[in-house]
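One structure is given here, and the rest of the page talks about it.
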Amino acid sequence: MNKIRTRFAPSPTGSLHLGGVRTAFYNWLFARQNNGTFVLRIEDTDAERSTEESAKGIIESMKWLGLNWDEGPFFQSERLAIYFDHLEKLRKNGFIYPAFDTQQELDEMRELAKKQKRNPIYDRRALKLTDYEIKQKMDAGEPFVWRFKVPDSEFTEIPELLMGEQDDHKIRNATIGDFIITRPGTKNNPGMPLYNFACVIDDALMEISHVIRGMEHLPNTPKQVLLYKALGYNVPKFVHLPIIMKNNKKMSKRDKDYDPNFPVSILERRDLGYLPDATLNFIALLGWSHPLSKELLTPFEILENFSLDRLNKANPNFDEQKYLFINGWHVKNRNDDELVQIVSPFLQKAGYDTSKYNKENLEKMMAMEKERCHLLAQFPDALNFFFVAPETYEEKGIRKSFYQPQADLILQTTAKMIASLDDTEMNKASLDSKLANMVMNLEIKYGIVGPIIRLAITGKTKTPGLAEIIEVLGKNETINRLEKARVFIKSLPPLPIDEAS
RNA sequence: GUUCCCAUCGUCUAGUGGCCUAGGACAUCGGCCUCUCACGCCGGUAACACGGGUUCGACUCCCGUUGGGAACGCCA
């Protein structure tokens, strides 16, 4: 059996998007799983739209995701000589012909076809040109493109593994039309190869065994099959993946109509605090399922269980809530020290001085918040009180807690209790019992005491447990904040009568 | 419009003729846990688009209808 070789072949006309990630991932999985080879190829024959920056972004994205490739990255712009050799071969063997039609003529043809309610198919007018006419036009320097002459045979068979009938499906050649394989050029200045042409040559030369790509390429496939055959190359197997939908239309990088909070660009997701493993996990599930329906998976578990015959054919819908949920799961399954590494940049970006705390305390913060934060970008807000003492207190909390008649007493008692602690008692376990003791002696319910202390030291009503916060915050800082809150409470105006109840 | 593709809870899906009074997950709604929030746990609501066949039997096979999507570029 021949070796499995797959490829990911994006065009560098923008950042890598989530749909592309799935294509890349499936190709990567299939290659890795079969001990095959995964090739990265940048399809940059469109000089106008391609940018070096995009290519770099794609490569950076692939690395960040951990989708390592074995060969490449190849750039099509560096392989032009190869394409022109093949062009010459096709020309010699009579598979292609030059067409001098102008843009306007083509537009008119399309217009007419639309009016006649049929598919716009080239009418082969250029084929009627005599050799003499062609020579004259070429010598005169008229620009032309090369068109592939679709054979008269009735069908083109596509070796498609996923879509369509179980048997290879067949496309009627009459519906294909003589397609263009090069951009306009002149006799001495050949035009750049077009997608269908360059792609086939590269896939053939790189001995790609399985072309796994989005469904939008299905209509290109019969043309490409024809090209493989004309060139005398083996036709690979094709797998056309259903299209990922968002709000009932194709999720696309060209669609400028999307919510900036939910970017399609993978690098932008990374900057929002989505994890590579989570992204791969979520995206893998858009069209594939684990044999035991497991859904929270590491890349390794996906690799172990992936198979082409568990692919789904219907277009999946991109569900942000599920992506977020899966990200949250991966966040809370990270080790605390790993989290310190990846979360610290987010804290620093928010202006917090992480050097205020040692590694151990930073890890404790991660432990406190990792079950609460689904995105890395949520950590700064969640941990802000560790870096900045509260300036204000949550309005709701003030009414509910600080207006309690015993509030000042509670804070005073807490401050005294903390002050009495020696360093060996500044840990979660003893703090928990000291706090419980104190509450017992106070003869007030923890449900009242807790929120008051919490508000005083964090300014917030929703935080992790008190003991762990105090442990990390330290003795002096905690006492300072308690005293500051007491001052604040004393300055509080009396509660309006109608709210006093 | 033409060609092609697709069709199970709101969403992602399991299901390859009897195991299905259709399973799981997200979301949602109750409850438990609890110093708050979150996590976690328990439970509820919720789907085989429709119509014909084939068959002893159809979510599963066939045909049609309807619905959705993609392509129709001298982009990839």
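Identifiers in this document derive from the order of the structure tokens: chains are assigned A, B, ..., residues are numbered from 1 separately in each chain, and ligands are numbered from 1 in order of occurrence.
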Distance table requested - chain B against chain A, cut-off 9 Å, only C-alpha atoms (C1' of nucleotides): one row per qualifying residue with the closest atom pair and its distance in Å to one decimal, ordered by chain and rising residue number, as CSV.
```
residue,atom,partner,partner_atom,distance
B:G1,C1',A:Lys117,CA,4.8
B:U2,C1',A:Asn119,CA,4.3
B:U3,C1',A:Thr175,CA,6.9
B:C4,C1',A:Pro219,CA,6.9
B:C5,C1',A:Gly164,CA,7.1
B:C6,C1',A:Ala314,CA,5.2
B:A7,C1',A:Ala314,CA,7.4
B:U11,C1',A:Asp319,CA,6.4
B:C12,C1',A:Leu286,CA,6.8
B:U13,C1',A:Ser289,CA,7.2
B:A14,C1',A:Ser293,CA,6.6
B:G24,C1',A:Ser293,CA,6.5
B:A25,C1',A:Glu295,CA,6.8
B:C26,C1',A:Lys322,CA,4.9
B:A27,C1',A:Gln321,CA,7.3
B:C35,C1',A:Gly450,CA,4.2
B:U36,C1',A:Lys462,CA,5.1
B:C37,C1',A:Lys462,CA,4.5
B:A38,C1',A:Arg372,CA,4.9
B:C39,C1',A:Glu371,CA,5.6
B:G68,C1',A:Asn248,CA,8.6
B:G69,C1',A:Asn315,CA,7.5
B:A70,C1',A:Glu216,CA,5.6
B:A71,C1',A:Pro219,CA,5.9
B:C72,C1',A:Asn119,CA,6.8
B:C74,C1',A:Arg183,CA,5.0
B:C75,C1',A:Asp46,CA,7.5
B:A76,C1',A:Ser11,CA,6.1
```
Need to verify the contact set: G43 in chain B, 12 Å, only C-alpha atoms (C1' of nucleotides), exclusion of same-chain residues closer than 5 positions in sequence. Can you return it as a ChimeraX atom specification? /B:29-32
Counting only C-alpha atoms (C1' of nucleotides), closest pick from B:U66, B:U55, B:U8, B:U60 relative to G23 in chain B is B:U8
Could you go through range 29-62 of chain A and tell me which residues DSSP, when run on the backbone, assigns to alpha helix (DSSP H), listing them as a ChimeraX atom specification? /A:29-33,52-62
State, in Å with one decimal place, the distance from C1' of U34 in chain B to CA of Ala467 in chain A.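 Interatomic distance here is 14.3 Å.
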Mind pulling up the distance from CA of Leu67 in chain A to CA of Thr37 in chain A?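 CA of Leu67 in chain A lies at a distance of 12.2 Å from CA of Thr37 in chain A.
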Pick from A:Ser252, A:Ala377, A:Lys229, A:Leu241: nearest to Gly273 in chain A, with only C-alpha atoms counted? A:Ala377
Using backbone DSSP assignments, extract all strand (DSSP E or B) residues from range 55-121 of chain A; output them as a PyMOL selection string. chain A and resi 71-75+96-99
Just the selected residues (N, CA and C atoms), exported as a short mmCIF file (atom, residue, chain, number, x, y, z; two decimals), in the first residue's frame, please.
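Once everything was written out, this is result22.cif:
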```cif
data_model
loop_
_atom_site.label_atom_id
_atom_site.label_comp_id
_atom_site.auth_asym_id
_atom_site.auth_seq_id
_atom_site.Cartn_x
_atom_site.Cartn_y
_atom_site.Cartn_z
N GLU A 71 7.12 18.38 5.62
CA GLU A 71 7.75 18.96 4.44
C GLU A 71 7.16 20.33 4.18
N GLY A 72 8.01 21.23 3.71
CA GLY A 72 7.56 22.59 3.46
C GLY A 72 8.03 23.53 4.54
N PRO A 73 7.53 24.75 4.61
CA PRO A 73 6.49 25.23 3.71
C PRO A 73 7.01 25.50 2.30
N PHE A 74 6.27 24.98 1.33
CA PHE A 74 6.58 25.28 -0.07
C PHE A 74 5.77 26.49 -0.48
N PHE A 75 6.39 27.32 -1.29
CA PHE A 75 5.68 28.49 -1.82
C PHE A 75 5.51 28.32 -3.33
N ILE A 96 -4.77 21.99 -24.33
CA ILE A 96 -5.18 23.37 -24.02
C ILE A 96 -5.14 24.23 -25.27
N TYR A 97 -5.84 25.34 -25.19
CA TYR A 97 -5.80 26.27 -26.33
C TYR A 97 -5.84 27.70 -25.82
N PRO A 98 -5.24 28.61 -26.58
CA PRO A 98 -5.22 30.00 -26.16
C PRO A 98 -6.56 30.67 -26.44
N ALA A 99 -6.97 31.56 -25.56
CA ALA A 99 -8.22 32.30 -25.76
C ALA A 99 -7.93 33.79 -25.55
#
```
Take CA of Ser355 in chain A and CA of Glu477 in chain A and report the distance between them in Å, one decimal.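 These two atoms are separated by 16.0 Å.
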